[in-house]
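Structure file start_17.cif with mmCIF, C-alpha atoms and all ligand atoms:
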data_final
loop_
_atom_site.label_atom_id
_atom_site.label_comp_id
_atom_site.auth_asym_id
_atom_site.auth_seq_id
_atom_site.Cartn_x
_atom_site.Cartn_y
_atom_site.Cartn_z
CA MET A 14 -20.03 -19.82 10.11
CA GLY A 15 -19.75 -16.05 10.72
CA LYS A 16 -18.79 -13.40 8.21
CA ASP A 17 -15.08 -13.04 7.45
CA LYS A 18 -13.45 -10.01 9.02
CA ILE A 19 -11.39 -7.83 6.66
CA THR A 20 -8.86 -5.28 7.92
CA ALA A 21 -7.15 -2.59 5.86
CA VAL A 22 -3.64 -1.50 6.88
CA VAL A 23 -2.88 1.96 5.50
CA LEU A 24 0.80 2.90 5.60
CA ALA A 25 1.75 6.51 6.23
CA ALA A 26 4.97 6.24 8.22
CA GLY A 27 7.43 6.99 5.43
CA GLN A 28 9.66 10.05 5.37
CA GLY A 29 9.12 10.81 1.70
CA LYS A 30 12.80 11.56 1.04
CA ARG A 31 12.33 11.52 -2.74
CA MET A 32 9.62 14.20 -2.44
CA ASN A 33 12.18 16.55 -0.91
CA SER A 34 9.51 18.49 0.95
CA LYS A 35 9.43 19.86 4.52
CA ILE A 36 6.03 18.27 5.10
CA ALA A 37 5.84 14.46 4.74
CA LYS A 38 4.23 13.71 1.35
CA GLN A 39 1.21 11.94 2.87
CA TYR A 40 0.19 15.29 4.44
CA LEU A 41 0.78 17.45 1.33
CA MET A 42 -2.45 18.85 -0.09
CA LEU A 43 -3.89 17.40 -3.28
CA LYS A 44 -6.57 19.84 -4.37
CA ASP A 45 -7.99 20.74 -0.93
CA LYS A 46 -7.28 17.58 1.08
CA PRO A 47 -4.16 15.75 2.31
CA VAL A 48 -2.83 12.92 0.12
CA LEU A 49 -3.63 10.45 2.92
CA TYR A 50 -7.31 11.48 2.97
CA TYR A 51 -8.12 9.94 -0.40
CA SER A 52 -7.16 6.31 0.24
CA LEU A 53 -8.68 6.41 3.73
CA ARG A 54 -11.94 7.65 2.15
CA THR A 55 -11.95 4.72 -0.30
CA PHE A 56 -11.43 2.14 2.45
CA GLU A 57 -13.94 3.89 4.75
CA ASP A 58 -16.54 3.59 1.98
CA SER A 59 -15.67 -0.04 1.21
CA ILE A 60 -16.77 -3.27 2.89
CA VAL A 61 -13.60 -3.53 5.01
CA ASP A 62 -14.49 -3.80 8.69
CA ASP A 63 -11.71 -1.70 10.15
CA ILE A 64 -8.62 0.28 9.25
CA ILE A 65 -5.25 0.34 11.01
CA LEU A 66 -3.37 3.51 10.16
CA VAL A 67 0.42 3.41 10.52
CA VAL A 68 2.08 6.81 11.00
CA GLY A 69 5.52 8.19 11.79
CA SER A 70 7.04 8.50 15.22
CA GLY A 71 5.30 11.19 17.29
CA GLU A 72 2.56 11.77 14.67
CA ILE A 73 -0.35 9.87 16.23
CA GLU A 74 -2.08 12.84 17.89
CA TYR A 75 -1.52 15.12 14.88
CA VAL A 76 -3.10 12.58 12.52
CA ARG A 77 -5.95 11.82 14.90
CA LYS A 78 -6.89 15.50 15.03
CA HIS A 79 -6.10 16.74 11.52
CA VAL A 80 -7.08 13.69 9.48
CA ILE A 81 -9.28 11.21 11.37
CA GLU A 82 -11.41 13.65 13.37
CA ALA A 83 -11.29 16.42 10.76
CA TYR A 84 -12.77 14.15 8.07
CA GLN A 85 -14.82 12.00 10.47
CA PHE A 86 -13.36 8.61 9.55
CA LYS A 87 -15.18 6.00 11.62
CA LYS A 88 -13.38 2.80 10.62
CA VAL A 89 -9.89 3.90 11.71
CA ASN A 90 -9.91 2.04 15.03
CA HIS A 91 -6.16 2.00 15.58
CA ILE A 92 -3.40 4.47 14.81
CA ILE A 93 0.04 3.03 15.48
CA GLU A 94 3.63 4.07 14.89
CA GLY A 95 5.57 2.53 12.04
CA GLY A 96 9.23 1.59 11.81
CA LYS A 97 12.38 2.39 9.86
CA GLU A 98 11.49 0.61 6.61
CA ARG A 99 8.15 -0.10 4.99
CA TYR A 100 8.32 -3.76 6.06
CA ASN A 101 8.88 -2.68 9.70
CA SER A 102 5.73 -0.57 9.51
CA VAL A 103 3.73 -3.45 8.03
CA TYR A 104 5.01 -5.84 10.70
CA ASN A 105 4.05 -3.41 13.49
CA ALA A 106 0.53 -3.43 12.08
CA LEU A 107 0.38 -7.22 11.68
CA VAL A 108 1.42 -7.86 15.30
CA SER A 109 -1.15 -5.32 16.54
CA ILE A 110 -4.05 -7.17 14.86
CA SER A 111 -5.92 -9.55 17.15
CA ASN A 112 -8.63 -11.29 15.16
CA THR A 113 -9.12 -10.82 11.49
CA ASN A 114 -9.36 -13.16 8.50
CA TYR A 115 -7.92 -11.01 5.69
CA VAL A 116 -5.66 -7.97 5.50
CA LEU A 117 -5.39 -5.46 2.66
CA ILE A 118 -2.07 -3.62 2.91
CA HIS A 119 -2.07 -0.25 1.14
CA ASP A 120 0.37 2.62 0.66
CA GLY A 121 -1.17 5.83 2.03
CA ALA A 122 0.86 7.45 -0.74
CA ARG A 123 -1.46 5.89 -3.38
CA PRO A 124 -4.49 8.17 -3.22
CA PHE A 125 -6.13 6.95 -6.44
CA VAL A 126 -7.10 3.47 -5.31
CA THR A 127 -10.78 3.02 -6.19
CA ASN A 128 -13.74 1.12 -4.77
CA GLU A 129 -13.63 -1.13 -7.86
CA ILE A 130 -10.00 -2.11 -7.15
CA VAL A 131 -10.73 -2.74 -3.47
CA ASP A 132 -13.77 -4.89 -4.35
CA ARG A 133 -11.74 -6.89 -6.90
CA ILE A 134 -8.95 -7.46 -4.41
CA ILE A 135 -11.34 -8.58 -1.67
CA LYS A 136 -13.18 -11.00 -3.96
CA ASN A 137 -9.89 -12.50 -5.12
CA VAL A 138 -8.16 -12.78 -1.76
CA ILE A 139 -11.06 -14.86 -0.48
CA ASP A 140 -10.56 -17.20 -3.46
CA THR A 141 -6.75 -17.30 -3.56
CA LYS A 142 -5.44 -16.29 -0.05
CA ALA A 143 -2.88 -13.94 -1.64
CA CYS A 144 -3.35 -11.37 -4.37
CA ILE A 145 -1.82 -8.05 -5.36
CA ALA A 146 -2.85 -5.13 -7.54
CA GLY A 147 -0.76 -4.19 -10.55
CA MET A 148 -0.88 -3.41 -14.25
CA PRO A 149 0.94 -4.86 -17.27
CA VAL A 150 3.85 -2.65 -18.38
CA LYS A 151 3.27 -0.58 -21.52
CA ASP A 152 6.88 0.27 -22.36
CA THR A 153 9.66 -1.97 -23.60
CA ILE A 154 11.74 -3.15 -20.66
CA LYS A 155 15.55 -3.40 -20.74
CA ILE A 156 17.89 -4.94 -18.20
CA SER A 157 21.13 -3.01 -17.83
CA ASP A 158 24.59 -4.35 -17.07
CA LYS A 159 26.75 -2.82 -14.35
CA ASP A 160 28.11 -0.20 -16.77
CA GLY A 161 24.69 1.01 -17.89
CA PHE A 162 24.59 -0.82 -21.22
CA VAL A 163 21.68 -2.97 -22.35
CA SER A 164 22.21 -6.57 -21.39
CA ASP A 165 18.77 -8.01 -22.10
CA THR A 166 15.25 -7.22 -23.33
CA PRO A 167 12.76 -9.51 -21.60
CA SER A 168 9.41 -10.16 -23.23
CA ARG A 169 7.03 -7.64 -21.69
CA GLU A 170 4.13 -10.02 -22.14
CA ASN A 171 4.39 -11.22 -18.55
CA VAL A 172 5.81 -8.10 -16.88
CA TRP A 173 3.66 -6.16 -14.44
CA MET A 174 4.14 -2.96 -12.45
CA ILE A 175 3.09 -3.71 -8.92
CA GLN A 176 0.82 -1.51 -6.83
CA THR A 177 -1.15 -1.78 -3.64
CA PRO A 178 -3.50 -2.97 -2.15
CA GLN A 179 -1.78 -6.30 -1.55
CA ALA A 180 -4.12 -8.69 0.23
CA PHE A 181 -3.56 -11.89 2.14
CA GLU A 182 -5.17 -14.31 4.49
CA TYR A 183 -4.04 -12.83 7.80
CA GLU A 184 -2.48 -15.98 9.30
CA LEU A 185 -0.51 -16.61 6.11
CA ILE A 186 1.10 -13.17 5.80
CA LYS A 187 1.72 -12.98 9.56
CA LYS A 188 3.56 -16.32 9.42
CA ALA A 189 5.61 -15.17 6.40
CA TYR A 190 6.54 -11.89 8.11
CA ASP A 191 7.41 -13.73 11.36
CA ILE A 192 9.94 -15.77 9.36
CA ILE A 193 11.50 -12.92 7.41
CA MET A 194 11.77 -10.62 10.42
CA LYS A 195 14.18 -13.12 12.00
CA GLU A 196 16.63 -12.62 9.11
CA GLU A 197 19.59 -10.24 9.24
CA ASN A 198 19.58 -8.54 5.85
CA ILE A 199 16.06 -8.00 4.60
CA HIS A 200 15.58 -6.67 1.05
CA VAL A 201 11.89 -6.51 0.31
CA THR A 202 9.99 -3.62 -1.21
CA ASP A 203 6.52 -5.11 -1.12
CA ASP A 204 4.52 -7.64 0.89
CA ALA A 205 4.29 -10.20 -1.88
CA MET A 206 8.09 -10.56 -1.77
CA VAL A 207 7.84 -11.58 1.88
CA LEU A 208 5.58 -14.48 0.93
CA GLU A 209 7.66 -15.32 -2.18
CA TYR A 210 10.87 -15.55 -0.13
CA THR A 211 9.40 -17.56 2.76
CA LEU A 212 6.40 -19.85 2.32
CA GLY A 213 6.20 -19.53 -1.47
CA ASN A 214 2.42 -19.65 -1.80
CA PRO A 215 0.96 -18.62 -5.19
CA ILE A 216 0.12 -14.93 -5.45
CA LYS A 217 -2.52 -13.82 -7.95
CA LEU A 218 -1.99 -10.65 -9.98
CA ILE A 219 -5.13 -8.51 -10.08
CA GLU A 220 -5.79 -5.53 -12.31
CA GLY A 221 -5.35 -2.25 -10.44
CA SER A 222 -5.33 0.85 -12.62
CA TYR A 223 -2.79 3.00 -14.46
CA GLN A 224 -4.06 5.90 -12.34
CA ASN A 225 -3.27 4.12 -9.06
CA ILE A 226 0.08 5.91 -8.89
CA LYS A 227 2.32 6.27 -5.87
CA ILE A 228 3.04 9.88 -4.95
CA THR A 229 6.82 9.66 -4.81
CA THR A 230 8.51 12.69 -6.43
CA PRO A 231 7.33 16.32 -6.90
CA GLU A 232 5.93 15.75 -10.41
CA ASP A 233 3.55 13.15 -8.95
CA ILE A 234 1.78 15.93 -7.04
CA LYS A 235 1.16 17.71 -10.36
CA ILE A 236 -0.04 14.46 -11.96
CA GLY A 237 -2.28 13.88 -8.94
CA GLU A 238 -3.83 17.36 -9.29
CA MET A 239 -4.54 16.63 -12.96
CA LEU A 240 -6.15 13.28 -12.16
CA LEU A 241 -8.35 14.93 -9.53
CA SER A 242 -9.45 17.74 -11.83
CA ASP A 243 -10.39 15.11 -14.45
CA GLN A 244 -12.61 13.46 -11.83
CA GLY A 245 -14.46 16.81 -11.51
N1 LIG B 1 9.19 3.17 7.13
C1 LIG B 1 8.18 3.31 6.28
C2 LIG B 1 8.42 3.60 4.90
C3 LIG B 1 7.33 3.75 4.07
N2 LIG B 1 6.07 3.65 4.56
C4 LIG B 1 4.93 3.87 3.69
O1 LIG B 1 5.00 2.99 2.59
C5 LIG B 1 4.44 3.59 1.43
C6 LIG B 1 5.35 3.44 0.21
O2 LIG B 1 6.62 3.94 0.50
P1 LIG B 1 7.39 5.08 -0.28
O3 LIG B 1 6.68 5.66 -1.39
O4 LIG B 1 8.76 4.58 -0.51
O5 LIG B 1 7.38 6.21 0.85
P2 LIG B 1 8.55 6.85 1.63
O6 LIG B 1 9.38 5.81 2.30
O7 LIG B 1 7.88 7.87 2.47
O8 LIG B 1 9.38 7.57 0.45
P3 LIG B 1 10.95 7.68 0.24
O9 LIG B 1 11.41 6.29 -0.09
O10 LIG B 1 11.08 8.65 -0.90
O11 LIG B 1 11.55 8.21 1.53
C7 LIG B 1 4.15 5.06 1.79
O12 LIG B 1 2.75 5.19 1.97
C8 LIG B 1 4.90 5.27 3.07
O13 LIG B 1 4.31 6.21 3.96
C9 LIG B 1 5.85 3.37 5.91
O14 LIG B 1 4.71 3.29 6.34
N3 LIG B 1 6.92 3.19 6.73
C1 LIG B 2 4.67 -1.64 -2.38
C2 LIG B 2 4.96 -0.81 -3.60
O1 LIG B 2 4.14 0.33 -3.64
C3 LIG B 2 4.64 -1.64 -4.84
O2 LIG B 2 4.97 -0.92 -5.98
C4 LIG B 2 6.38 -0.37 -3.67
O3 LIG B 2 7.21 -1.48 -3.83
C5 LIG B 2 6.82 0.48 -2.52
O4 LIG B 2 8.19 0.73 -2.73
P1 LIG B 2 8.99 1.93 -2.15
O5 LIG B 2 10.41 1.56 -2.36
O6 LIG B 2 8.62 1.97 -0.71
O7 LIG B 2 8.61 3.11 -2.95
#

This structure in structure tokens:
Amino acid sequence: MGKDKITAVVLAAGQGKRMNSKIAKQYLMLKDKPVLYYSLRTFEDSIVDDIILVVGSGEIEYVRKHVIEAYQFKKVNHIIEGGKERYNSVYNALVSISNTNYVLIHDGARPFVTNEIVDRIIKNVIDTKACIAGMPVKDTIKISDKDGFVSDTPSRENVWMIQTPQAFEYELIKKAYDIIMKEENIHVTDDAMVLEYTLGNPIKLIEGSYQNIKITTPEDIKIGEMLLSDQG
């Protein structure tokens, strides 16, 4: 039996509306490199075999020149265009993959993914077929009613904040996406939800890190700069 092939899908096709910046947030500079550089570097230095990078419409040549060639990434074999929503971008990547055993799907807007997280996710996806990074919540969680009053306080013991990478056996997540993409009104914000709503396979929660933040709003750029200066 040959070695399993592992593909990373890095998503960078969002518009970053909540960042409210002229430049898409994945190309904003964190210290001296674009946000997107950092997660690509981690996957490039990991044991994944190849990387599919998903970018916005009309951005392929820009990214090839200013990110892939500029920083000499060798594992980014395909750059494709994404779609309207995150799940459209993921699906475009999944249908473009020809032969792989496992996929790690990652937000290019999460620059602080580490080699340790990637290694943990890979080890676990081989054991479980589906696993996702996240961290237990630290704050008390409240559920609000429609008028903004507290309606419930769930026990936080089993509540996690979910991150990426989210990793799956390729055939499994492709089958789940094939099913959900046939539906009319799709409301999913991560890949695990696609599997939860379709085939229902168990999905293992794996420790990511509290620093594995998603760059979403302007203060996240400041937080990102602080995290990078801590790393020296
Ligand atoms: N159509 C989309 C939407 C999102 N993403 C990617 O999915 C990740 C998580 O999405 P999010 O933080 O919501 O990014 P945006 O959609 O860009 O942000 P916003 O919702 O503020 O517009 C990001 O790496 C983003 O580039 C994508 O590839 N394709
Ligand atoms: C996939 C994700 O990063 C997990 O937290 C998140 O759900 C992406 O959501 P967004 O609505 O695209 O920010």

Contact residues around Asp62 of chain A with all atoms listed in the file at 12 Å, ignoring same-chain residues under 2 positions, as a list in words: Lys16, Asp17, Lys18, Ile19, Thr20, Ala21, Val22, Phe56, Glu57, Asp58, Ser59, Ile60, Ile64, Ile65, Lys87, Lys88, Val89, Asn90, Asn112, Thr113, Asn114, Tyr115, Val116, Leu117 and Ile135 of chain A

Test item: residues lying within 12 Å of ligand LIG 2 (chain B) with all atoms listed in the file, as a ChimeraX atom specification: /A:23-32,97-103,117-124,126,145-148,173-180,200-207,221,225-230

Based on the selection just made, write C-alpha atoms of those residues as a CSV table (one decimal), in the coordinates of the input.
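Final file, result_26.csv:
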chain,number,residue,atom,x,y,z
A,23,VAL,CA,-2.9,2.0,5.5
A,24,LEU,CA,0.8,2.9,5.6
A,25,ALA,CA,1.8,6.5,6.2
A,26,ALA,CA,5.0,6.2,8.2
A,27,GLY,CA,7.4,7.0,5.4
A,28,GLN,CA,9.7,10.0,5.4
A,29,GLY,CA,9.1,10.8,1.7
A,30,LYS,CA,12.8,11.6,1.0
A,31,ARG,CA,12.3,11.5,-2.7
A,32,MET,CA,9.6,14.2,-2.4
A,97,LYS,CA,12.4,2.4,9.9
A,98,GLU,CA,11.5,0.6,6.6
A,99,ARG,CA,8.2,-0.1,5.0
A,100,TYR,CA,8.3,-3.8,6.1
A,101,ASN,CA,8.9,-2.7,9.7
A,102,SER,CA,5.7,-0.6,9.5
A,103,VAL,CA,3.7,-3.4,8.0
A,117,LEU,CA,-5.4,-5.5,2.7
A,118,ILE,CA,-2.1,-3.6,2.9
A,119,HIS,CA,-2.1,-0.2,1.1
A,120,ASP,CA,0.4,2.6,0.7
A,121,GLY,CA,-1.2,5.8,2.0
A,122,ALA,CA,0.9,7.4,-0.7
A,123,ARG,CA,-1.5,5.9,-3.4
A,124,PRO,CA,-4.5,8.2,-3.2
A,126,VAL,CA,-7.1,3.5,-5.3
A,145,ILE,CA,-1.8,-8.0,-5.4
A,146,ALA,CA,-2.8,-5.1,-7.5
A,147,GLY,CA,-0.8,-4.2,-10.6
A,148,MET,CA,-0.9,-3.4,-14.2
A,173,TRP,CA,3.7,-6.2,-14.4
A,174,MET,CA,4.1,-3.0,-12.4
A,175,ILE,CA,3.1,-3.7,-8.9
A,176,GLN,CA,0.8,-1.5,-6.8
A,177,THR,CA,-1.2,-1.8,-3.6
A,178,PRO,CA,-3.5,-3.0,-2.2
A,179,GLN,CA,-1.8,-6.3,-1.6
A,180,ALA,CA,-4.1,-8.7,0.2
A,200,HIS,CA,15.6,-6.7,1.0
A,201,VAL,CA,11.9,-6.5,0.3
A,202,THR,CA,10.0,-3.6,-1.2
A,203,ASP,CA,6.5,-5.1,-1.1
A,204,ASP,CA,4.5,-7.6,0.9
A,205,ALA,CA,4.3,-10.2,-1.9
A,206,MET,CA,8.1,-10.6,-1.8
A,207,VAL,CA,7.8,-11.6,1.9
A,221,GLY,CA,-5.4,-2.2,-10.4
A,225,ASN,CA,-3.3,4.1,-9.1
A,226,ILE,CA,0.1,5.9,-8.9
A,227,LYS,CA,2.3,6.3,-5.9
A,228,ILE,CA,3.0,9.9,-5.0
A,229,THR,CA,6.8,9.7,-4.8
A,230,THR,CA,8.5,12.7,-6.4

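Proximity ranking of A:Leu240, A:Asn33, A:Ser109, A:Phe125 relative to Leu49 of chain A places A:Phe125 first, based on all atoms listed in the file.
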
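Pairwise distance (atom CA of Val131 of chain A, atom CA of Ile216 of chain A) equals 16.4 Å.
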
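Counting all atoms listed in the file, the residue from A:Ser168, A:Val108, A:Ile192, A:Asp233 that sits nearest to ligand LIG 1 (chain B) is A:Asp233.
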
Distance query Thr141 of chain A at most 10 Å, only C-alpha atoms, self and fewer than 2 positions along chain excluded, as a PDB file with C-alpha atoms, in the coordinates of the input:
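Listed below is the output, around.pdb:
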ATOM      1  CA  LYS A 136     -13.180 -11.000  -3.960  1.00  0.00           C
ATOM      2  CA  ASN A 137      -9.890 -12.500  -5.120  1.00  0.00           C
ATOM      3  CA  VAL A 138      -8.160 -12.780  -1.760  1.00  0.00           C
ATOM      4  CA  ILE A 139     -11.060 -14.860  -0.480  1.00  0.00           C
ATOM      5  CA  ALA A 143      -2.880 -13.940  -1.640  1.00  0.00           C
ATOM      6  CA  CYS A 144      -3.350 -11.370  -4.370  1.00  0.00           C
ATOM      7  CA  ALA A 180      -4.120  -8.690   0.230  1.00  0.00           C
ATOM      8  CA  PHE A 181      -3.560 -11.890   2.140  1.00  0.00           C
ATOM      9  CA  GLU A 182      -5.170 -14.310   4.490  1.00  0.00           C
ATOM     10  CA  ASN A 214       2.420 -19.650  -1.800  1.00  0.00           C
ATOM     11  CA  PRO A 215       0.960 -18.620  -5.190  1.00  0.00           C
ATOM     12  CA  ILE A 216       0.120 -14.930  -5.450  1.00  0.00           C
ATOM     13  CA  LYS A 217      -2.520 -13.820  -7.950  1.00  0.00           C
TER      14      LYS A 217
END

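Between atom CA of Leu185 of chain A and atom CA of Leu107 of chain A the separation is 11.0 Å.
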
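Compared by their closest atoms to ligand LIG 1 (chain B), and using all atoms listed in the file, the residues A:Tyr104, A:Tyr210, A:Tyr190, A:Tyr75 rank with A:Tyr104 nearest.
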
Polymer residues at most 12 Å from Ser157 of chain A, all atoms listed in the file, same-chain spacing of 6 or more positions, as a PyMOL selection string: chain A and resi 163-167

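Nearest residue to ligand LIG 1 (chain B), choosing from A:Ile219, A:Val150, A:Ile93, A:Val68 and counting only C-alpha atoms and all ligand atoms: A:Val68.
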
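Closest approach to His79 of chain A among A:Ile154, A:Gly96, A:Lys46, A:Ser222: A:Lys46, based on only C-alpha atoms.
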
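Distance-wise, atom CA of Thr153 of chain A and atom CA of Asn171 of chain A end up 11.8 Å apart.
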
Residue among A:Gly69, A:Gly161, A:Gly15, A:Gly237 lying closest to ligand LIG 1 (chain B), counting all atoms listed in the file: A:Gly69
